[in-house]
file target_18.txt (compact mmCIF, C-alpha atoms)
# COMPACT_ATOMS: atom_id res chain seq x y z
CA MET E 1080 0.00 0.00 0.00
CA ALA E 1081 2.71 2.43 1.07
CA SER E 1082 4.90 1.48 -1.86
CA ALA E 1083 1.94 1.84 -4.23
CA LEU E 1084 1.31 5.33 -2.83
CA LYS E 1085 4.97 6.17 -3.18
CA ALA E 1086 5.01 4.94 -6.75
CA SER E 1087 2.03 7.09 -7.64
CA LEU E 1088 3.68 10.24 -6.23
CA PRO E 1089 5.47 12.47 -8.69
CA ASP E 1090 9.15 13.17 -7.93
CA ASP E 1091 8.47 16.69 -6.69
CA ARG E 1092 5.92 15.54 -4.08
CA GLN E 1093 6.39 13.80 -0.75
CA THR E 1094 4.12 12.40 1.96
CA ILE E 1095 4.55 13.72 5.48
CA HIS E 1096 2.76 13.06 8.77
CA CYS E 1097 1.70 16.04 10.88
CA LEU E 1098 3.69 16.38 14.12
CA TYR E 1099 0.53 17.17 16.07
CA CYS E 1100 -2.39 15.20 14.57
CA ARG E 1101 -0.20 12.58 12.79
CA GLN E 1102 -2.38 12.66 9.70
CA PRO E 1103 -0.60 12.00 6.40
CA GLN E 1104 -0.62 14.55 3.60
CA GLU E 1105 1.11 15.12 0.32
CA ILE E 1106 3.27 18.22 -0.03
CA SER E 1107 5.81 19.66 -2.44
CA ARG E 1108 9.42 18.70 -1.82
CA LYS E 1109 10.32 22.36 -2.06
CA ALA E 1110 8.00 23.38 0.79
CA VAL E 1111 9.72 24.94 3.79
CA THR E 1112 6.67 25.47 5.97
CA ILE E 1113 3.11 24.28 5.51
CA THR E 1114 -0.21 24.38 7.31
CA CYS E 1115 -1.65 21.00 8.20
CA ARG E 1116 -4.79 20.27 6.20
CA HIS E 1117 -6.32 18.42 9.12
CA CYS E 1118 -5.44 20.35 12.31
CA HIS E 1119 -4.46 23.67 10.61
CA LYS E 1120 -1.28 23.99 12.62
CA SER E 1121 1.84 25.46 11.09
CA LEU E 1122 4.53 22.89 10.32
CA ARG E 1123 8.16 23.45 9.52
CA VAL E 1124 9.46 20.96 6.95
CA GLU E 1125 13.05 22.13 6.49
CA ASP E 1126 16.12 20.73 8.22
CA VAL E 1127 17.58 22.77 11.08
CA THR E 1128 21.29 23.10 11.80
CA ILE E 1129 22.54 24.53 15.07
CA SER E 1130 26.19 25.45 15.37
CA LYS E 1131 26.24 27.76 18.39
CA TYR E 1132 24.56 28.14 21.76
CA GLU E 1133 20.81 28.46 21.41
CA ALA E 1134 18.21 28.58 24.16
CA ARG E 1135 14.70 28.05 22.80
CA ARG E 1136 11.36 27.03 24.20
CA ALA E 1137 10.85 24.44 21.47
CA ILE E 1138 12.11 23.44 18.05
CA ASP E 1139 9.51 21.62 15.98
CA THR E 1140 10.30 20.44 12.47
CA LEU E 1141 9.51 17.51 10.24
CA GLY E 1142 13.08 17.67 9.00
CA VAL E 1143 16.32 16.64 10.65
CA ILE E 1144 17.85 18.72 13.44
CA THR E 1145 21.64 18.70 13.38
CA VAL E 1146 23.55 20.03 16.36
CA GLU E 1147 27.10 20.65 15.24
CA LYS E 1148 30.17 20.13 17.40
CA ARG E 1149 30.09 23.71 18.69
CA GLY E 1150 26.31 23.68 18.93
CA ASN E 1151 24.64 23.72 22.33
CA VAL E 1152 20.85 23.61 22.50
CA VAL E 1153 18.89 24.21 25.66
CA ALA E 1154 15.18 23.80 25.03
CA GLU E 1155 12.05 22.48 26.61
CA ARG E 1156 11.29 20.25 23.64
CA LEU E 1157 12.77 19.14 20.32
CA GLN E 1158 10.28 17.51 18.00
CA CYS E 1159 11.77 16.40 14.74
CA GLY E 1160 11.99 13.91 11.90
CA GLY E 1161 15.51 12.93 12.96
CA LEU E 1162 18.28 14.20 15.19
CA VAL E 1163 22.04 14.26 14.75
CA VAL E 1164 23.98 15.44 17.79
CA ARG E 1165 27.67 16.23 17.62
CA GLY E 1166 27.54 18.92 20.30
CA LYS E 1167 25.28 19.26 23.35
CA VAL E 1168 21.53 19.04 23.80
CA LYS E 1169 19.53 19.64 26.95
CA ALA E 1170 15.89 19.05 26.04
CA GLU E 1171 13.10 16.54 25.83
CA VAL E 1172 13.51 14.92 22.42
CA VAL E 1173 10.69 13.33 20.42
CA SER E 1174 11.98 12.14 17.07
CA ARG E 1175 10.12 10.33 14.29
CA GLY E 1176 13.40 9.16 12.79
CA PRO E 1177 16.69 7.90 14.19
CA VAL E 1178 18.64 9.78 16.83
CA LEU E 1179 22.37 9.72 16.16
CA VAL E 1180 24.67 10.73 18.99
CA GLY E 1181 28.22 11.33 17.81
CA PRO E 1182 31.35 10.52 19.76
CA GLU E 1183 31.74 12.82 22.76
CA ALA E 1184 28.34 14.40 22.13
CA GLU E 1185 25.90 14.92 24.98
CA ILE E 1186 22.13 14.59 25.40
CA ARG E 1187 20.55 15.41 28.74
CA GLY E 1188 16.79 14.89 28.77
CA ASN E 1189 14.21 12.31 27.89
CA VAL E 1190 14.37 10.78 24.42
CA THR E 1191 11.68 9.04 22.40
CA ALA E 1192 12.78 7.67 19.03
CA PRO E 1193 12.42 4.58 16.84
CA ARG E 1194 16.20 4.09 16.66
CA LEU E 1195 19.28 5.23 18.54
CA ALA E 1196 22.94 5.14 17.59
CA VAL E 1197 25.58 6.15 20.10
CA GLY E 1198 29.22 6.96 19.43
CA ALA E 1199 32.06 6.12 21.80
CA GLY E 1200 32.46 8.60 24.62
CA ALA E 1201 28.95 10.04 24.24
CA VAL E 1202 27.12 11.14 27.37
CA LEU E 1203 23.43 10.28 27.75
CA GLU E 1204 21.26 11.08 30.74
CA GLY E 1205 17.48 10.73 30.85
CA ASP E 1206 14.53 8.44 30.30
CA TYR E 1207 14.66 6.69 26.94
CA ARG E 1208 11.95 5.03 24.89
CA ILE E 1209 13.53 3.45 21.84
CA GLY E 1210 11.68 1.28 19.35
CA PRO E 1211 8.61 1.34 17.14
CA GLU E 1212 5.74 3.34 18.65
CA MET D 769 28.99 -22.37 20.22
CA ALA D 770 32.31 -24.10 20.86
CA GLU D 771 34.33 -20.96 20.17
CA ASN D 772 32.15 -19.09 22.70
CA LEU D 773 33.05 -21.49 25.51
CA GLY D 774 36.37 -19.70 26.05
CA GLU D 775 34.62 -16.38 26.46
CA TYR D 776 31.62 -17.80 28.31
CA PRO D 777 32.70 -20.82 30.38
CA THR D 778 29.39 -20.80 32.27
CA VAL D 779 26.18 -21.50 30.39
CA ILE D 780 22.61 -21.56 31.68
CA GLY D 781 20.97 -23.65 28.99
CA PRO D 782 17.64 -23.10 27.24
CA ASP D 783 15.77 -25.58 29.45
CA ALA D 784 17.22 -24.22 32.71
CA SER D 785 15.65 -21.76 35.07
CA PHE D 786 17.61 -20.01 37.83
CA LYS D 787 16.32 -18.00 40.77
CA GLY D 788 18.71 -16.27 43.17
CA GLU D 789 22.01 -14.49 43.35
CA LEU D 790 24.85 -15.42 41.01
CA THR D 791 28.50 -14.37 40.86
CA PHE D 792 31.14 -15.57 38.42
CA GLU D 793 34.58 -14.54 37.20
CA LYS D 794 34.84 -14.77 33.46
CA GLY D 795 31.63 -14.98 31.49
CA LEU D 796 28.08 -16.33 31.49
CA ARG D 797 25.86 -17.10 28.55
CA LEU D 798 22.20 -17.14 29.52
CA GLN D 799 19.87 -19.09 27.27
CA GLY D 800 17.16 -20.00 29.77
CA LYS D 801 15.32 -18.07 32.45
CA PHE D 802 16.94 -16.06 35.22
CA GLU D 803 15.44 -14.17 38.13
CA GLY D 804 17.50 -12.45 40.81
CA LYS D 805 20.83 -10.70 40.89
CA ILE D 806 24.14 -11.05 39.02
CA SER D 807 27.48 -9.53 40.06
CA THR D 808 30.61 -10.04 38.02
CA SER D 809 33.53 -8.16 36.59
CA GLY D 810 33.32 -10.38 33.51
CA ARG D 811 30.94 -10.65 30.57
CA LEU D 812 27.27 -11.52 30.47
CA HIS D 813 25.53 -12.58 27.28
CA ILE D 814 21.75 -12.83 27.29
CA ALA D 815 20.84 -14.92 24.26
CA LYS D 816 17.83 -14.43 21.99
CA GLU D 817 15.76 -17.16 23.64
CA ALA D 818 16.61 -16.05 27.20
CA ARG D 819 14.24 -14.29 29.60
CA MET D 820 15.78 -12.37 32.49
CA SER D 821 14.37 -10.35 35.33
CA ALA D 822 17.35 -9.22 37.37
CA ASP D 823 19.63 -6.47 38.59
CA VAL D 824 23.03 -6.91 36.99
CA GLU D 825 26.45 -5.46 37.69
CA ALA D 826 29.00 -6.63 35.14
CA GLY D 827 31.93 -5.56 33.03
CA HIS D 828 30.31 -6.12 29.67
CA ILE D 829 26.65 -6.97 28.96
CA THR D 830 25.22 -8.09 25.64
CA VAL D 831 21.44 -8.37 25.33
CA GLU D 832 19.71 -10.32 22.59
CA GLY D 833 16.69 -11.57 24.54
CA GLU D 834 14.10 -10.13 26.88
CA VAL D 835 15.35 -8.34 29.99
CA LYS D 836 13.69 -6.50 32.85
CA GLY D 837 15.75 -4.89 35.60
CA ASN D 838 18.63 -2.55 36.18
CA LEU D 839 21.86 -3.09 34.26
CA THR D 840 25.20 -1.57 35.24
CA ALA D 841 28.32 -2.19 33.18
CA THR D 842 31.75 -0.77 33.86
CA ASP D 843 32.68 -1.18 30.21
CA ARG D 844 29.71 -1.39 27.84
CA ILE D 845 26.17 -2.54 27.23
CA GLU D 846 25.21 -3.83 23.79
CA LEU D 847 21.55 -4.07 22.79
CA LYS D 848 21.30 -6.27 19.72
CA SER D 849 18.50 -6.00 17.15
CA SER D 850 16.38 -8.65 18.88
CA ALA D 851 16.77 -7.10 22.38
CA ARG D 852 13.70 -6.14 24.37
CA TYR D 853 14.79 -4.27 27.49
CA GLU D 854 12.92 -2.49 30.24
CA GLY D 855 14.80 -0.92 33.14
CA ASP D 856 17.47 1.56 34.08
CA LEU D 857 20.89 1.22 32.53
CA SER D 858 24.18 2.73 33.45
CA ALA D 859 27.37 2.16 31.47
CA SER D 860 30.49 3.80 30.11
CA LYS D 861 29.47 2.96 26.55
CA LEU D 862 26.19 1.96 24.92
CA VAL D 863 25.73 0.21 21.59
CA VAL D 864 22.21 -0.04 20.22
CA GLU D 865 21.54 -2.03 17.07
CA GLU D 866 18.71 -1.14 14.73
CA GLY D 867 15.55 -2.92 15.85
CA ALA D 868 16.34 -2.99 19.57
CA VAL D 869 13.48 -1.86 21.79
CA PHE D 870 14.09 -0.39 25.22
CA SER D 871 12.62 1.97 27.74
CA GLY D 872 13.99 3.25 31.01
CA HIS D 873 16.44 5.66 32.49
CA VAL D 874 19.77 5.82 30.71
CA SER D 875 23.00 7.06 32.18
CA VAL D 876 25.89 6.67 29.75
CA GLY D 877 29.33 8.22 29.70
CA PRO D 878 32.77 7.89 31.21
CA GLU D 879 31.47 9.25 34.54
CA ALA D 880 28.12 7.41 34.55
CA VAL D 881 29.18 4.25 36.39
CA ARG D 882 31.32 6.11 38.92
CA LYS D 883 28.49 8.56 39.56
CA GLY D 884 26.12 5.66 40.09
CA SER D 885 28.24 4.29 42.91
CA ASN D 886 28.58 7.79 44.41
CA ASN D 887 24.81 7.98 44.72
CA LEU D 888 24.98 5.58 47.66
CA PRO D 889 24.52 7.27 51.02
CA PRO D 890 27.86 8.17 52.65
CA LYS D 891 29.18 5.83 55.31
CA ILE D 892 29.12 7.48 58.72
CA SER D 893 31.13 6.10 61.60
CA VAL D 894 30.71 7.36 65.12
CA SER D 895 33.06 6.41 67.94
CA VAL D 896 32.33 7.15 71.54
CA ASN D 897 35.00 7.30 74.20
CA PRO D 898 33.99 4.46 76.57
CA GLY D 899 35.07 6.48 79.63
CA ILE D 900 32.81 9.40 78.80
CA ALA D 901 30.00 7.09 77.78
CA ALA D 902 30.07 5.21 81.09
CA GLY D 903 30.56 7.96 83.64
CA GLY D 904 29.87 11.12 81.75
CA ARG D 905 33.29 12.42 82.91
CA LEU D 906 36.59 12.83 81.19
CA PRO D 907 39.21 10.18 82.25
CA ALA D 908 41.27 12.89 84.02
CA GLU D 909 38.20 13.94 86.08
CA ALA D 910 37.46 10.32 87.01
CA ASN D 911 40.95 9.88 88.52
CA ARG D 912 40.47 12.80 90.97

call {"tool": "encode", "arguments": {"input": "target_18.txt", "output": "structure tokens"}}
result
Amino acid sequence: MASALKASLPDDRQTIHCLYCRQPQEISRKAVTITCRHCHKSLRVEDVTISKYEARRAIDTLGVITVEKRGNVVAERLQCGGLVVRGKVKAEVVSRGPVLVGPEAEIRGNVTAPRLAVGAGAVLEGDYRIGPE
Amino acid sequence: MAENLGEYPTVIGPDASFKGELTFEKGLRLQGKFEGKISTSGRLHIAKEARMSADVEAGHITVEGEVKGNLTATDRIELKSSARYEGDLSASKLVVEEGAVFSGHVSVGPEAVRKGSNNLPPKISVSVNPGIAAGGRLPAEANR
């Protein structure tokens, strides 16, 4: 079914699931932000890269959040399609895709993700829920 | 199997069930059921068919089966793709294969295991001078 849907999609379209209502919808690959057709909430689709200290209430995106080596994120919540940490993160993380923690990177906070990869020397502290939903 | 015997001289087979406290030196391969506590500086391998409900302190832990309980490893914990783990883990290094499922508190890093042992309440020792305790006077006063 999923593969049939994928096959029927033109190359410039992609299917995403809303972060809030989880409903699927078809959007352009070029879209940066959209409004969910079902719950009408604004959704960020682009990837986010953080390479310095940033204190935020929340970062919500359907894309991948990358925290570079010099990046340091302090937030209440990170909701994303995937997370790559090479620096430091202090936040509650809810990821739809894999969470990759590089060597000597640091995550302090609870993490929910389908997959987790941890490099040597990484520091993790928090409650983890890893696996399919 | 035979090549693993060097690494894991002790084996709890698939038809065995163990309840209690277990210590060993080198390595244990668990294929059956285990309930209780394990302390070792060696390696523990929980095979795919194994079911374990225990608190473990070991050097190196590899999980392929189903585990409930707290795991502490001075070196590393490996969760293989078939691992199903529920509990708190604390280790210097963590390896998670794609497909592993786990939930619980995680404390990983070079300081994690040391910190874990520092969480114990401090030992307090109190000594009372028997002379004061008995008479309520200093020994010099008692001689007068």

call {"tool": "interface_residues", "arguments": {"input": "target_18.txt", "of": "chain D", "to": "chain E", "cutoff": "8 Å", "atoms": "all atoms listed in the file", "output": "PyMOL selection string"}}
result
chain D and resi 860-878

call {"tool": "atom_distance", "arguments": {"input": "target_18.txt", "atom1": "CA of Lys787 (chain D)", "atom2": "CA of Val881 (chain D)"}}
result
26.1 Å

call {"tool": "atom_distance", "arguments": {"input": "target_18.txt", "atom1": "CA of Gly855 (chain D)", "atom2": "CA of Asn838 (chain D)"}}
result
5.2 Å

call {"tool": "residues_around", "arguments": {"input": "target_18.txt", "residues": "Ser1174 (chain E)", "least_positions_apart": "4", "cutoff": "7 Å", "atoms": "only C-alpha atoms", "output": "VMD selection string"}}
result
chain E and resid 1158 to 1162 1191 to 1192

call {"tool": "write_last_selection", "arguments": {"input": "target_18.txt", "atoms": "C-alpha atoms", "output": "PDB file, keeping the file's coordinate frame"}}
result
ATOM      1  CA  GLN E1158      10.280  17.510  18.000  1.00  0.00           C
ATOM      2  CA  CYS E1159      11.770  16.400  14.740  1.00  0.00           C
ATOM      3  CA  GLY E1160      11.990  13.910  11.900  1.00  0.00           C
ATOM      4  CA  GLY E1161      15.510  12.930  12.960  1.00  0.00           C
ATOM      5  CA  LEU E1162      18.280  14.200  15.190  1.00  0.00           C
ATOM      6  CA  THR E1191      11.680   9.040  22.400  1.00  0.00           C
ATOM      7  CA  ALA E1192      12.780   7.670  19.030  1.00  0.00           C
TER       8      ALA E1192
END

call {"tool": "residues_around", "arguments": {"input": "target_18.txt", "residues": "Pro1089 (chain E)", "least_positions_apart": "6", "cutoff": "12 Å", "atoms": "all atoms listed in the file", "output": "PDB file with C-alpha atoms, in the coordinates of the input"}}
result
ATOM      1  CA  GLU E1105       1.110  15.120   0.320  1.00  0.00           C
ATOM      2  CA  ILE E1106       3.270  18.220  -0.030  1.00  0.00           C
ATOM      3  CA  SER E1107       5.810  19.660  -2.440  1.00  0.00           C
ATOM      4  CA  ARG E1108       9.420  18.700  -1.820  1.00  0.00           C
TER       5      ARG E1108
END

call {"tool": "closest_residue", "arguments": {"input": "target_18.txt", "among": "E:Ala1134, E:Val1164, E:Val1172, E:Leu1098", "to": "Cys1115 (chain E)", "atoms": "only C-alpha atoms"}}
result
E:Leu1098

call {"tool": "atom_distance", "arguments": {"input": "target_18.txt", "atom1": "CA of Ser785 (chain D)", "atom2": "CA of Lys848 (chain D)"}}
result
22.5 Å
